[in-house]
file final.txt (compact mmCIF, C-alpha atoms)
# COMPACT_ATOMS: atom_id res chain seq x y z
CA MET R 1 0.00 0.00 0.00
CA GLY R 2 1.32 3.37 -0.94
CA THR R 3 1.78 6.30 1.36
CA ASP R 4 -0.57 8.26 -0.90
CA VAL R 5 -3.53 6.01 0.02
CA ARG R 6 -2.75 6.39 3.71
CA HIS R 7 -2.74 10.17 3.31
CA GLN R 8 -6.08 9.97 1.49
CA ILE R 9 -7.54 7.93 4.36
CA ILE R 10 -6.25 10.48 6.87
CA ALA R 11 -7.82 13.27 4.82
CA LEU R 12 -11.15 11.40 4.93
CA LEU R 13 -11.24 11.18 8.74
CA PRO R 14 -13.47 14.25 9.31
CA ARG R 15 -15.99 13.02 6.74
CA LEU R 16 -15.90 9.50 8.15
CA ARG R 17 -16.49 10.88 11.62
CA ALA R 18 -19.46 12.95 10.42
CA PHE R 19 -21.01 9.90 8.77
CA ALA R 20 -20.34 7.78 11.84
CA ARG R 21 -22.04 10.38 14.06
CA ALA R 22 -25.05 10.30 11.78
CA LEU R 23 -25.22 6.53 12.10
CA VAL R 24 -24.64 6.03 15.82
CA ARG R 25 -25.60 9.46 17.22
CA ASP R 26 -22.97 9.28 19.96
CA ARG R 27 -19.50 10.84 19.80
CA GLU R 28 -17.57 8.07 21.52
CA ALA R 29 -19.30 5.29 19.59
CA ALA R 30 -18.75 7.26 16.37
CA ASP R 31 -15.03 7.51 17.10
CA ASP R 32 -14.92 3.76 17.75
CA LEU R 33 -16.71 3.15 14.45
CA VAL R 34 -14.24 5.36 12.57
CA GLN R 35 -11.32 3.51 14.13
CA ALA R 36 -12.81 0.12 13.26
CA THR R 37 -13.49 1.31 9.72
CA CYS R 38 -9.91 2.48 9.24
CA GLU R 39 -8.54 -0.75 10.67
CA ARG R 40 -10.69 -2.84 8.34
CA ALA R 41 -9.86 -0.66 5.35
CA LEU R 42 -6.13 -0.87 6.00
CA ARG R 43 -6.34 -4.66 6.36
CA ALA R 44 -8.28 -4.93 3.10
CA ILE R 45 -6.60 -2.13 1.15
CA ASP R 46 -5.54 -4.61 -1.56
CA ARG R 47 -9.27 -4.99 -2.40
CA TRP R 48 -9.68 -1.29 -3.12
CA GLU R 49 -9.26 -0.55 -6.81
CA ALA R 50 -7.02 2.41 -7.54
CA GLY R 51 -8.90 4.97 -9.59
CA THR R 52 -12.21 4.34 -7.83
CA ARG R 53 -13.63 6.54 -5.09
CA LEU R 54 -11.90 5.80 -1.82
CA ASP R 55 -14.54 7.73 0.14
CA SER R 56 -17.41 5.60 -1.21
CA TRP R 57 -15.46 2.43 -0.44
CA MET R 58 -14.77 3.62 3.13
CA PHE R 59 -18.41 4.68 3.67
CA ARG R 60 -19.52 1.21 2.54
CA ILE R 61 -17.08 -0.43 4.97
CA MET R 62 -18.37 1.80 7.76
CA ARG R 63 -22.01 1.08 7.05
CA ASN R 64 -21.38 -2.65 6.88
CA LEU R 65 -19.42 -2.55 10.14
CA TRP R 66 -22.16 -0.60 11.80
CA ILE R 67 -24.76 -3.10 10.66
CA ASP R 68 -22.63 -6.09 11.65
CA GLU R 69 -21.17 -4.98 14.98
CA PHE R 70 -22.47 -1.71 16.31
CA ARG R 71 -26.18 -1.59 15.51
CA LYS R 72 -27.14 -4.32 17.96
CA ALA R 73 -24.94 -2.91 20.72
CA GLN R 74 -26.22 0.64 20.40
CA SER R 75 -29.50 1.78 21.85
CA ALA R 76 -31.13 4.96 20.69
CA ALA R 77 -28.54 7.24 22.25
CA PRO R 78 -29.46 10.91 22.50
CA VAL R 79 -27.65 13.41 20.35
CA ASP R 80 -24.87 15.09 22.34
CA GLU R 81 -25.36 18.79 21.77
CA GLY R 82 -23.76 20.07 24.94
CA ALA R 83 -20.74 21.46 23.14
CA ASP R 84 -22.97 23.26 20.62
CA VAL R 85 -25.00 24.91 23.36
CA GLU R 86 -21.84 26.04 25.15
CA GLN R 87 -20.54 27.57 21.92
CA ILE R 88 -23.76 29.53 21.48
CA ALA R 89 -23.25 31.29 24.83
CA GLY R 90 -19.98 32.77 23.60
CA ALA R 91 -21.26 33.83 20.18
CA HIS R 92 -21.99 37.46 19.33
CA GLY R 93 -25.07 38.58 17.54
CA ASP R 94 -28.64 37.40 17.18
CA ARG R 95 -28.03 35.97 13.73
CA THR R 96 -25.23 33.67 14.92
CA VAL R 97 -27.29 32.49 17.88
CA GLU R 98 -30.31 31.83 15.66
CA SER R 99 -28.16 29.95 13.16
CA ASN R 100 -26.61 27.80 15.88
CA LEU R 101 -30.02 27.05 17.39
CA MET R 102 -31.40 26.10 13.97
CA LEU R 103 -28.39 23.87 13.36
CA ALA R 104 -28.97 22.13 16.71
CA ARG R 105 -32.68 21.68 15.84
CA THR R 106 -31.74 20.29 12.45
CA ARG R 107 -29.24 17.85 14.00
CA ARG R 108 -31.89 16.65 16.43
CA ALA R 109 -34.38 16.22 13.61
CA ILE R 110 -31.86 14.29 11.49
CA ALA R 111 -31.09 12.07 14.49
CA GLU R 112 -34.80 11.23 14.74
CA LEU R 113 -34.98 10.01 11.14
CA PRO R 114 -34.95 6.27 10.53
CA GLU R 115 -31.40 5.02 9.87
CA GLU R 116 -32.12 4.30 6.20
CA GLN R 117 -33.18 7.89 5.56
CA ARG R 118 -30.47 9.39 7.79
CA SER R 119 -27.69 7.52 5.96
CA VAL R 120 -28.88 8.60 2.52
CA LEU R 121 -29.43 12.18 3.63
CA VAL R 122 -25.94 12.51 5.11
CA LEU R 123 -24.18 10.91 2.13
CA VAL R 124 -26.04 12.96 -0.50
CA CYS R 125 -26.64 16.30 1.25
CA VAL R 126 -23.66 16.54 3.59
CA GLU R 127 -20.98 14.44 1.90
CA GLU R 128 -22.22 15.50 -1.55
CA LEU R 129 -22.04 12.02 -3.05
CA SER R 130 -24.06 11.51 -6.20
CA TYR R 131 -27.10 9.27 -6.02
CA ARG R 132 -25.09 6.54 -7.76
CA GLU R 133 -22.17 6.89 -5.34
CA ALA R 134 -24.50 6.80 -2.33
CA ALA R 135 -26.27 3.77 -3.79
CA ASP R 136 -22.92 2.01 -4.25
CA ALA R 137 -21.77 2.92 -0.74
CA LEU R 138 -25.00 1.63 0.81
CA GLU R 139 -25.36 -1.27 -1.64
CA ILE R 140 -28.91 -0.30 -2.62
CA PRO R 141 -30.52 0.72 -5.94
CA VAL R 142 -30.40 4.38 -7.06
CA GLY R 143 -34.20 4.53 -6.98
CA THR R 144 -34.14 3.54 -3.32
CA VAL R 145 -31.67 6.34 -2.62
CA MET R 146 -34.00 8.80 -4.33
CA SER R 147 -37.12 7.66 -2.47
CA ARG R 148 -35.38 7.55 0.93
CA LEU R 149 -33.96 11.01 0.33
CA ALA R 150 -37.38 12.37 -0.63
CA ARG R 151 -38.95 10.85 2.49
CA ALA R 152 -36.11 12.20 4.65
CA ARG R 153 -36.57 15.71 3.26
CA GLU R 154 -40.32 15.57 3.79
CA ALA R 155 -39.87 14.35 7.36
CA LEU R 156 -37.26 17.03 8.12
CA SER R 157 -39.49 19.69 6.66
CA ALA R 158 -42.37 18.56 8.88
CA MET R 159 -40.18 18.30 12.00
CA LEU R 160 -38.66 21.73 11.43
CA GLY R 161 -42.01 23.37 10.76
CA GLU R 162 -41.43 24.06 7.06
CA THR R 163 -44.79 25.02 5.59
CA ARG R 164 -43.68 26.15 2.15
CA ALA R 165 -44.01 24.04 -0.96
CA LYS R 166 -41.34 21.43 -1.47
CA PRO R 167 -38.14 23.03 -2.82
CA SER R 168 -36.85 21.82 -6.14
CA GLY R 169 -33.15 22.10 -5.17
CA SER R 170 -31.58 19.01 -3.59
CA ARG R 171 -29.96 20.83 -0.67
CA ALA R 172 -32.66 23.38 0.22
CA VAL R 173 -33.84 21.78 3.47
CA LEU R 174 -30.34 21.55 4.91
CA SER R 175 -28.88 24.76 3.62
CA GLY R 176 -31.78 27.01 4.49
CA GLU R 177 -32.36 28.07 0.88
CA ARG R 178 -35.86 29.14 -0.05
CA PRO R 179 -37.57 28.34 -3.35
call {"tool": "encode", "arguments": {"input": "final.txt", "output": "structure tokens"}}
result
Amino acid sequence: MGTDVRHQIIALLPRLRAFARALVRDREAADDLVQATCERALRAIDRWEAGTRLDSWMFRIMRNLWIDEFRKAQSAAPVDEGADVEQIAGAHGDRTVESNLMLARTRRAIAELPEEQRSVLVLVCVEELSYREAADALEIPVGTVMSRLARAREALSAMLGETRAKPSGSRAVLSGERP
């Protein structure tokens, strides 16, 4: 294995951690999942095909690990937002406070989504994977990605009190854009 691949894996750590937090909803368990994912990826690096997307391959490993090992061990852990709330106290300006509160509400709402919808939403809207890449990472059909994403957006909109018509842009619910 080349040093370049190791550097690519290191560069992916923040994205892997974000995806892990979306799956397990607990910081410590997410860190454990990231570590297990990296260990498995490094042991199986000869199975990764150079020229293909390393991030999609790693997300697939993580999801499979979570299903195999972590899902049964994890109960519905609450989202840890303590650090976010502490950061709000030190922020200046109403706009920053409102944005941080909306972000915390959105995180809570995402955490309440069923795992299938949460995974698709995070991969497509946060990690910016294409529908095909998300489908490959989750080992599901593209149509399933599209329907889960649509249901996730509708559920988020309802939970966050969105009363406007459904936006046509793919990232409107998460980014705060208005149609």
call {"tool": "residues_around", "arguments": {"input": "final.txt", "residues": "stretch 49-60 of chain R", "least_positions_apart": "5", "cutoff": "7 Å", "atoms": "all atoms listed in the file", "output": "PyMOL selection string"}}
result
chain R and resi 12+41+133+137-138
call {"tool": "write_last_selection", "arguments": {"input": "final.txt", "atoms": "C-alpha atoms", "output": "short mmCIF file (atom, residue, chain, number, x, y, z; two decimals), in the frame of the given file"}}
result
data_model
loop_
_atom_site.label_atom_id
_atom_site.label_comp_id
_atom_site.auth_asym_id
_atom_site.auth_seq_id
_atom_site.Cartn_x
_atom_site.Cartn_y
_atom_site.Cartn_z
CA LEU R 12 -11.15 11.40 4.93
CA ALA R 41 -9.86 -0.66 5.35
CA GLU R 133 -22.17 6.89 -5.34
CA ALA R 137 -21.77 2.92 -0.74
CA LEU R 138 -25.00 1.63 0.81
#
call {"tool": "atom_distance", "arguments": {"input": "final.txt", "atom1": "atom CA of R:Thr37", "atom2": "atom CA of R:Met62"}}
result
5.3 Å
call {"tool": "closest_residue", "arguments": {"input": "final.txt", "among": "R:Glu139, R:Arg105, R:Val124, R:Arg132", "to": "R:Leu156", "atoms": "only C-alpha atoms"}}
result
R:Arg105
call {"tool": "residues_around", "arguments": {"input": "final.txt", "residues": "R:Val145", "least_positions_apart": "4", "cutoff": "9 Å", "atoms": "all atoms listed in the file", "output": "list in words"}}
result
Gln117, Val120, Leu121, Val124, Tyr131, Arg132, Ala134, Ala135, Leu138, Ile140, Pro141, Leu149 and Ala150 of chain R
call {"tool": "atom_distance", "arguments": {"input": "final.txt", "atom1": "atom CA of R:Val24", "atom2": "atom CA of R:Gly143"}}
result
24.8 Å
call {"tool": "residues_around", "arguments": {"input": "final.txt", "residues": "R:Pro14", "least_positions_apart": "5", "cutoff": "12 Å", "atoms": "all atoms listed in the file", "output": "PyMOL selection string"}}
result
chain R and resi 8-9+19-21+30-31+34-35+55+126-127
call {"tool": "write_last_selection", "arguments": {"input": "final.txt", "atoms": "C-alpha atoms", "output": "mmCIF file, keeping the file's coordinate frame"}}
result
data_model
loop_
_atom_site.group_PDB
_atom_site.id
_atom_site.type_symbol
_atom_site.label_atom_id
_atom_site.label_comp_id
_atom_site.auth_asym_id
_atom_site.auth_seq_id
_atom_site.Cartn_x
_atom_site.Cartn_y
_atom_site.Cartn_z
ATOM 1 C CA GLN R 8 -6.080 9.970 1.490
ATOM 2 C CA ILE R 9 -7.540 7.930 4.360
ATOM 3 C CA PHE R 19 -21.010 9.900 8.770
ATOM 4 C CA ALA R 20 -20.340 7.780 11.840
ATOM 5 C CA ARG R 21 -22.040 10.380 14.060
ATOM 6 C CA ALA R 30 -18.750 7.260 16.370
ATOM 7 C CA ASP R 31 -15.030 7.510 17.100
ATOM 8 C CA VAL R 34 -14.240 5.360 12.570
ATOM 9 C CA GLN R 35 -11.320 3.510 14.130
ATOM 10 C CA ASP R 55 -14.540 7.730 0.140
ATOM 11 C CA VAL R 126 -23.660 16.540 3.590
ATOM 12 C CA GLU R 127 -20.980 14.440 1.900
#
call {"tool": "residues_around", "arguments": {"input": "final.txt", "residues": "R:Ser119", "least_positions_apart": "4", "cutoff": "8 Å", "atoms": "all atoms listed in the file", "output": "number ranges by chain"}}
result
R: 19, 22-23, 115, 123
call {"tool": "atom_distance", "arguments": {"input": "final.txt", "atom1": "atom CA of R:Arg151", "atom2": "atom CA of R:Glu116"}}
result
10.2 Å
call {"tool": "closest_residue", "arguments": {"input": "final.txt", "among": "R:Val142, R:Ile61, R:Ala18, R:Asp26", "to": "R:Cys38", "atoms": "all atoms listed in the file"}}
result
R:Ile61
call {"tool": "closest_residue", "arguments": {"input": "final.txt", "among": "R:Arg15, R:Leu65, R:Arg6, R:Arg107", "to": "R:Ala36", "atoms": "all atoms listed in the file"}}
result
R:Leu65
call {"tool": "closest_residue", "arguments": {"input": "final.txt", "among": "R:Glu39, R:Glu112, R:Asp136, R:Asp46", "to": "R:Leu160", "atoms": "all atoms listed in the file"}}
result
R:Glu112
call {"tool": "decode", "arguments": {"input": "final.txt", "residues": "stretch 11-150 of chain R", "atoms": "C-alpha atoms", "output": "tab-separated table (two decimals), in the first residue's frame"}}
result
chain	number	residue	atom	x	y	z
R	11	ALA	CA	-7.82	13.27	4.82
R	12	LEU	CA	-11.15	11.40	4.93
R	13	LEU	CA	-11.24	11.18	8.74
R	14	PRO	CA	-13.47	14.25	9.31
R	15	ARG	CA	-15.99	13.02	6.74
R	16	LEU	CA	-15.90	9.50	8.15
R	17	ARG	CA	-16.49	10.88	11.62
R	18	ALA	CA	-19.46	12.95	10.42
R	19	PHE	CA	-21.01	9.90	8.77
R	20	ALA	CA	-20.34	7.78	11.84
R	21	ARG	CA	-22.04	10.38	14.06
R	22	ALA	CA	-25.05	10.30	11.78
R	23	LEU	CA	-25.22	6.53	12.10
R	24	VAL	CA	-24.64	6.03	15.82
R	25	ARG	CA	-25.60	9.46	17.22
R	26	ASP	CA	-22.97	9.28	19.96
R	27	ARG	CA	-19.50	10.84	19.80
R	28	GLU	CA	-17.57	8.07	21.52
R	29	ALA	CA	-19.30	5.29	19.59
R	30	ALA	CA	-18.75	7.26	16.37
R	31	ASP	CA	-15.03	7.51	17.10
R	32	ASP	CA	-14.92	3.76	17.75
R	33	LEU	CA	-16.71	3.15	14.45
R	34	VAL	CA	-14.24	5.36	12.57
R	35	GLN	CA	-11.32	3.51	14.13
R	36	ALA	CA	-12.81	0.12	13.26
R	37	THR	CA	-13.49	1.31	9.72
R	38	CYS	CA	-9.91	2.48	9.24
R	39	GLU	CA	-8.54	-0.75	10.67
R	40	ARG	CA	-10.69	-2.84	8.34
R	41	ALA	CA	-9.86	-0.66	5.35
R	42	LEU	CA	-6.13	-0.87	6.00
R	43	ARG	CA	-6.34	-4.66	6.36
R	44	ALA	CA	-8.28	-4.93	3.10
R	45	ILE	CA	-6.60	-2.13	1.15
R	46	ASP	CA	-5.54	-4.61	-1.56
R	47	ARG	CA	-9.27	-4.99	-2.40
R	48	TRP	CA	-9.68	-1.29	-3.12
R	49	GLU	CA	-9.26	-0.55	-6.81
R	50	ALA	CA	-7.02	2.41	-7.54
R	51	GLY	CA	-8.90	4.97	-9.59
R	52	THR	CA	-12.21	4.34	-7.83
R	53	ARG	CA	-13.63	6.54	-5.09
R	54	LEU	CA	-11.90	5.80	-1.82
R	55	ASP	CA	-14.54	7.73	0.14
R	56	SER	CA	-17.41	5.60	-1.21
R	57	TRP	CA	-15.46	2.43	-0.44
R	58	MET	CA	-14.77	3.62	3.13
R	59	PHE	CA	-18.41	4.68	3.67
R	60	ARG	CA	-19.52	1.21	2.54
R	61	ILE	CA	-17.08	-0.43	4.97
R	62	MET	CA	-18.37	1.80	7.76
R	63	ARG	CA	-22.01	1.08	7.05
R	64	ASN	CA	-21.38	-2.65	6.88
R	65	LEU	CA	-19.42	-2.55	10.14
R	66	TRP	CA	-22.16	-0.60	11.80
R	67	ILE	CA	-24.76	-3.10	10.66
R	68	ASP	CA	-22.63	-6.09	11.65
R	69	GLU	CA	-21.17	-4.98	14.98
R	70	PHE	CA	-22.47	-1.71	16.31
R	71	ARG	CA	-26.18	-1.59	15.51
R	72	LYS	CA	-27.14	-4.32	17.96
R	73	ALA	CA	-24.94	-2.91	20.72
R	74	GLN	CA	-26.22	0.64	20.40
R	75	SER	CA	-29.50	1.78	21.85
R	76	ALA	CA	-31.13	4.96	20.69
R	77	ALA	CA	-28.54	7.24	22.25
R	78	PRO	CA	-29.46	10.91	22.50
R	79	VAL	CA	-27.65	13.41	20.35
R	80	ASP	CA	-24.87	15.09	22.34
R	81	GLU	CA	-25.36	18.79	21.77
R	82	GLY	CA	-23.76	20.07	24.94
R	83	ALA	CA	-20.74	21.46	23.14
R	84	ASP	CA	-22.97	23.26	20.62
R	85	VAL	CA	-25.00	24.91	23.36
R	86	GLU	CA	-21.84	26.04	25.15
R	87	GLN	CA	-20.54	27.57	21.92
R	88	ILE	CA	-23.76	29.53	21.48
R	89	ALA	CA	-23.25	31.29	24.83
R	90	GLY	CA	-19.98	32.77	23.60
R	91	ALA	CA	-21.26	33.83	20.18
R	92	HIS	CA	-21.99	37.46	19.33
R	93	GLY	CA	-25.07	38.58	17.54
R	94	ASP	CA	-28.64	37.40	17.18
R	95	ARG	CA	-28.03	35.97	13.73
R	96	THR	CA	-25.23	33.67	14.92
R	97	VAL	CA	-27.29	32.49	17.88
R	98	GLU	CA	-30.31	31.83	15.66
R	99	SER	CA	-28.16	29.95	13.16
R	100	ASN	CA	-26.61	27.80	15.88
R	101	LEU	CA	-30.02	27.05	17.39
R	102	MET	CA	-31.40	26.10	13.97
R	103	LEU	CA	-28.39	23.87	13.36
R	104	ALA	CA	-28.97	22.13	16.71
R	105	ARG	CA	-32.68	21.68	15.84
R	106	THR	CA	-31.74	20.29	12.45
R	107	ARG	CA	-29.24	17.85	14.00
R	108	ARG	CA	-31.89	16.65	16.43
R	109	ALA	CA	-34.38	16.22	13.61
R	110	ILE	CA	-31.86	14.29	11.49
R	111	ALA	CA	-31.09	12.07	14.49
R	112	GLU	CA	-34.80	11.23	14.74
R	113	LEU	CA	-34.98	10.01	11.14
R	114	PRO	CA	-34.95	6.27	10.53
R	115	GLU	CA	-31.40	5.02	9.87
R	116	GLU	CA	-32.12	4.30	6.20
R	117	GLN	CA	-33.18	7.89	5.56
R	118	ARG	CA	-30.47	9.39	7.79
R	119	SER	CA	-27.69	7.52	5.96
R	120	VAL	CA	-28.88	8.60	2.52
R	121	LEU	CA	-29.43	12.18	3.63
R	122	VAL	CA	-25.94	12.51	5.11
R	123	LEU	CA	-24.18	10.91	2.13
R	124	VAL	CA	-26.04	12.96	-0.50
R	125	CYS	CA	-26.64	16.30	1.25
R	126	VAL	CA	-23.66	16.54	3.59
R	127	GLU	CA	-20.98	14.44	1.90
R	128	GLU	CA	-22.22	15.50	-1.55
R	129	LEU	CA	-22.04	12.02	-3.05
R	130	SER	CA	-24.06	11.51	-6.20
R	131	TYR	CA	-27.10	9.27	-6.02
R	132	ARG	CA	-25.09	6.54	-7.76
R	133	GLU	CA	-22.17	6.89	-5.34
R	134	ALA	CA	-24.50	6.80	-2.33
R	135	ALA	CA	-26.27	3.77	-3.79
R	136	ASP	CA	-22.92	2.01	-4.25
R	137	ALA	CA	-21.77	2.92	-0.74
R	138	LEU	CA	-25.00	1.63	0.81
R	139	GLU	CA	-25.36	-1.27	-1.64
R	140	ILE	CA	-28.91	-0.30	-2.62
R	141	PRO	CA	-30.52	0.72	-5.94
R	142	VAL	CA	-30.40	4.38	-7.06
R	143	GLY	CA	-34.20	4.53	-6.98
R	144	THR	CA	-34.14	3.54	-3.32
R	145	VAL	CA	-31.67	6.34	-2.62
R	146	MET	CA	-34.00	8.80	-4.33
R	147	SER	CA	-37.12	7.66	-2.47
R	148	ARG	CA	-35.38	7.55	0.93
R	149	LEU	CA	-33.96	11.01	0.33
R	150	ALA	CA	-37.38	12.37	-0.63
